[in-house]
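**Q** Below: one structure in structure tokens.
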Amino acid sequence: MKALSISKLEKTYATGIQAVKGISLDIEEGDFFALLGPNGAGKTTIIGITAGLVNKTGGTVRVFGRDIDQSGDEAKSFIGLVPQEINFNIFEKVINIVVDQAGFYGIPRSTALKDAEKYLKQLGLWEKRNERSMTLSGGMKRRLLIARALIHHPKLLILDEPTAGVDIELRRGMWDFLQDLTKEKGTTIILTTHYLEEAEQLCKNVAIINKGEIVKQGSMSKVLSELNQETFILYLKKPIENGSFEAARRFQPVRVDEKTIEVTVKDGETLSQLIAALAENQVEVLSMRTKSNRLEQIFVGLTSQ
């Protein structure tokens with residue numbers, strides 16, 4: 001069974017803006033799926049329609065086989081949504097925000113308290129359980145949204161920019177938590193994010209949306225394999241001379257400073273060939289890094305037009 005099956009989905013707002021233009025998309029149960037696109041591409045509209053927050057103009061959406069028009073309540077019961085915006089009562093205690101959410105799904109309070117303890121501990125919020133949510137840091141508020149979304153044990157977790165504004169240490173902790181969620185419980189996760197290295201590291205499959213249409217979709221490995229070149233920054237032991245610089249000409253070198261160059265390795269070429277060409281001219285490479293992650297290069301190429 002597909003966790004989410006979208007067919008010919010359309011959404012035109014009253015202003016006349018067509019946010020979604022006949023999109024079709026299937027997401028398998030247990031997948032960790034990246035839904036990517038620039039601002040205004042239609043990602044949040046698709047999420048809103050799936051979660052029952054936005055009315056579609058046309059097409060069909062099924063969540064674990066339940067049509068959102070015919071079995072809306074059942075379809076929504078499968079979904080846990082972590083929105084972009086903080087949308088809980090800032091005067092409520094952390095524990096109450098999570099436990100009260102469970103009440104909307106008919107979960108007994110005694111059961112909800114046990115589950116809330118588990119998730120708040122896993123997300124590093126248990127010590128804050130009796131504090132008002134307004135006292136939490138931005139990263140803690142994001143994690144509280146995740147705990148609230150999980151309290152009814154959804155089969156599909158939708159994360160709309162869950163790590164926006166979260167520092168790198170907390171982001172990596174959230175990555176580990178989400179990966180464990182899919183591995184241990186088989187929870188299907190849909191992730192939207194502007195941190196493309198996050199999507200590349202976490203997700204099995206990806207769809208890139210631009211101007212309301214899917215411009216690329218497939219397994220993450222397959223999409224990345226279509227990149228026909230990669231740019232690297234090389235840090236050198238000593239300043240590179242013009243003759244040595246010319247030796248690397250086929251790699252399109254760009255001098256960043258006297259000890260740093262930028263090179264492009266295309267399909268059919270290897271880094272070892274580049275290093276060998278430099279070594280023949282007595283240029284020693286101390287270290288190197290990619291200029292940008294692979295998914296970012298593909299994303300920019302598809303959405304910059």
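All residue names refer to the structure tokens as shown: chains lettered A, B, ... in order, residues numbered from 1 in each chain, ligands numbered from 1 in order.
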Check region 145-273 of chain A with DSSP on the backbone and list each residue it calls helix (DSSP H, G or I), as JSON, numbers by chain.
**A** {"A": [145, 146, 147, 148, 149, 150, 168, 169, 170, 171, 172, 173, 174, 175, 176, 177, 178, 179, 180, 181, 182, 183, 184, 185, 196, 197, 198, 199, 200, 201, 202, 220, 221, 222, 223, 224, 225, 242, 243, 244, 245, 246, 247, 249, 250, 251, 271, 272, 273]}
**Q** Based on the selection just made, write C-alpha atoms of those residues as a PDB file, in the first residue's frame.
**A**
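Output contents, as saved in result_15.pdb:
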```pdb
ATOM      1  CA  LEU A 145       6.075  20.277  17.503  1.00  0.00           C
ATOM      2  CA  ILE A 146       7.502  16.865  16.604  1.00  0.00           C
ATOM      3  CA  ALA A 147       6.497  15.353  19.954  1.00  0.00           C
ATOM      4  CA  ARG A 148       2.971  16.720  19.534  1.00  0.00           C
ATOM      5  CA  ALA A 149       2.727  15.341  15.992  1.00  0.00           C
ATOM      6  CA  LEU A 150       3.792  11.874  17.152  1.00  0.00           C
ATOM      7  CA  ILE A 168      23.719  22.365  13.614  1.00  0.00           C
ATOM      8  CA  GLU A 169      24.152  20.291  16.802  1.00  0.00           C
ATOM      9  CA  LEU A 170      20.406  20.138  17.443  1.00  0.00           C
ATOM     10  CA  ARG A 171      19.728  19.494  13.761  1.00  0.00           C
ATOM     11  CA  ARG A 172      21.955  16.431  13.760  1.00  0.00           C
ATOM     12  CA  GLY A 173      20.257  15.158  16.917  1.00  0.00           C
ATOM     13  CA  MET A 174      16.893  15.520  15.186  1.00  0.00           C
ATOM     14  CA  TRP A 175      18.262  13.685  12.131  1.00  0.00           C
ATOM     15  CA  ASP A 176      19.226  10.719  14.318  1.00  0.00           C
ATOM     16  CA  PHE A 177      15.797  10.689  15.967  1.00  0.00           C
ATOM     17  CA  LEU A 178      13.959  10.745  12.631  1.00  0.00           C
ATOM     18  CA  GLN A 179      16.136   8.025  11.116  1.00  0.00           C
ATOM     19  CA  ASP A 180      15.442   5.801  14.124  1.00  0.00           C
ATOM     20  CA  LEU A 181      11.719   6.485  13.707  1.00  0.00           C
ATOM     21  CA  THR A 182      11.676   5.094  10.180  1.00  0.00           C
ATOM     22  CA  LYS A 183      13.971   2.162  10.960  1.00  0.00           C
ATOM     23  CA  GLU A 184      12.377   1.012  14.217  1.00  0.00           C
ATOM     24  CA  LYS A 185       8.705   1.857  13.650  1.00  0.00           C
ATOM     25  CA  LEU A 196      19.646  20.338   0.958  1.00  0.00           C
ATOM     26  CA  GLU A 197      22.494  18.456   2.618  1.00  0.00           C
ATOM     27  CA  GLU A 198      19.875  17.384   5.150  1.00  0.00           C
ATOM     28  CA  ALA A 199      17.676  15.888   2.436  1.00  0.00           C
ATOM     29  CA  GLU A 200      20.623  14.255   0.696  1.00  0.00           C
ATOM     30  CA  GLN A 201      21.755  12.563   3.885  1.00  0.00           C
ATOM     31  CA  LEU A 202      18.357  11.448   5.203  1.00  0.00           C
ATOM     32  CA  MET A 220      18.012   9.978  -4.266  1.00  0.00           C
ATOM     33  CA  SER A 221      20.887   7.872  -5.602  1.00  0.00           C
ATOM     34  CA  LYS A 222      19.516   7.942  -9.146  1.00  0.00           C
ATOM     35  CA  VAL A 223      18.886  11.674  -9.116  1.00  0.00           C
ATOM     36  CA  LEU A 224      22.379  12.366  -7.782  1.00  0.00           C
ATOM     37  CA  SER A 225      23.920  10.085 -10.404  1.00  0.00           C
ATOM     38  CA  ASN A 242      51.197  30.002 -13.595  1.00  0.00           C
ATOM     39  CA  GLY A 243      52.769  26.976 -15.285  1.00  0.00           C
ATOM     40  CA  SER A 244      51.301  24.618 -12.706  1.00  0.00           C
ATOM     41  CA  PHE A 245      47.974  26.418 -12.962  1.00  0.00           C
ATOM     42  CA  GLU A 246      47.934  25.742 -16.712  1.00  0.00           C
ATOM     43  CA  ALA A 247      48.615  22.035 -16.066  1.00  0.00           C
ATOM     44  CA  ARG A 249      43.488  23.685 -17.356  1.00  0.00           C
ATOM     45  CA  ARG A 250      41.161  20.847 -18.411  1.00  0.00           C
ATOM     46  CA  PHE A 251      39.665  20.933 -14.921  1.00  0.00           C
ATOM     47  CA  LEU A 271      40.042  13.311  -8.776  1.00  0.00           C
ATOM     48  CA  SER A 272      43.101  11.079  -8.987  1.00  0.00           C
ATOM     49  CA  GLN A 273      43.748  12.391 -12.514  1.00  0.00           C
TER      50      GLN A 273
END
```
**Q** One decimal, Å: what's the distance from CA of Thr15 (chain A) over to CA of Asn87 (chain A), could you say?
**A**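 The value is 25.5 Å.
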**Q** May I have the residues within 9 Å of Ile214 (chain A) as a PyMOL selection string, using only C-alpha atoms and disregarding those fewer than 4 positions away in the same chain?
**A** chain A and resi 21+23-25+207-210
**Q** Write out as an NGL selection string each polymer residue whose atoms come within 10 Å of Arg66 (chain A), counting only C-alpha atoms; drop sequence neighbours fewer than 3 positions from it.
**A** :A and (3-5 or 61-63 or 69-76 or 78)
**Q** Taking only C-alpha atoms into account, name the residue in A:Lys93, A:Lys291, A:Lys56, A:Lys43 that is nearest to Lys8 (chain A).
**A**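 Comparing A:Lys93, A:Lys291, A:Lys56, A:Lys43 against Lys8 (chain A), the winner is A:Lys56.
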**Q** Would you mind listing what lies within 12 Å of Glu284 (chain A) as an MDAnalysis selection string, with only C-alpha atoms counted and same-chain residues fewer than 6 positions away left out?
**A** chainID A and resid 234:240 244 259:260 274:278
**Q** I need the residue nearest Ile27 (chain A) from this list: A:Leu113, A:Glu85, A:Gly59, A:Asn205. Use only C-alpha atoms for the distance.
**A**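 Of A:Leu113, A:Glu85, A:Gly59, A:Asn205, the one nearest Ile27 (chain A) is A:Asn205, counting only C-alpha atoms.
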**Q** Counting only C-alpha atoms, figure out which residue out of A:Ile107, A:Pro83, A:Glu280, A:Ala102 gets nearest to Leu53 (chain A).
**A** A:Pro83
**Q** Just how far from CA of Pro38 (chain A) is CA of Lys216 (chain A), in Å to one decimal?
**A** 13.4 Å
**Q** For a test of reading the model, state the distance in Å between CA of Asn96 (chain A) and CA of Glu117 (chain A), rounded to one decimal.
**A**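 Result for CA of Asn96 (chain A) versus CA of Glu117 (chain A): 11.2 Å, one decimal.
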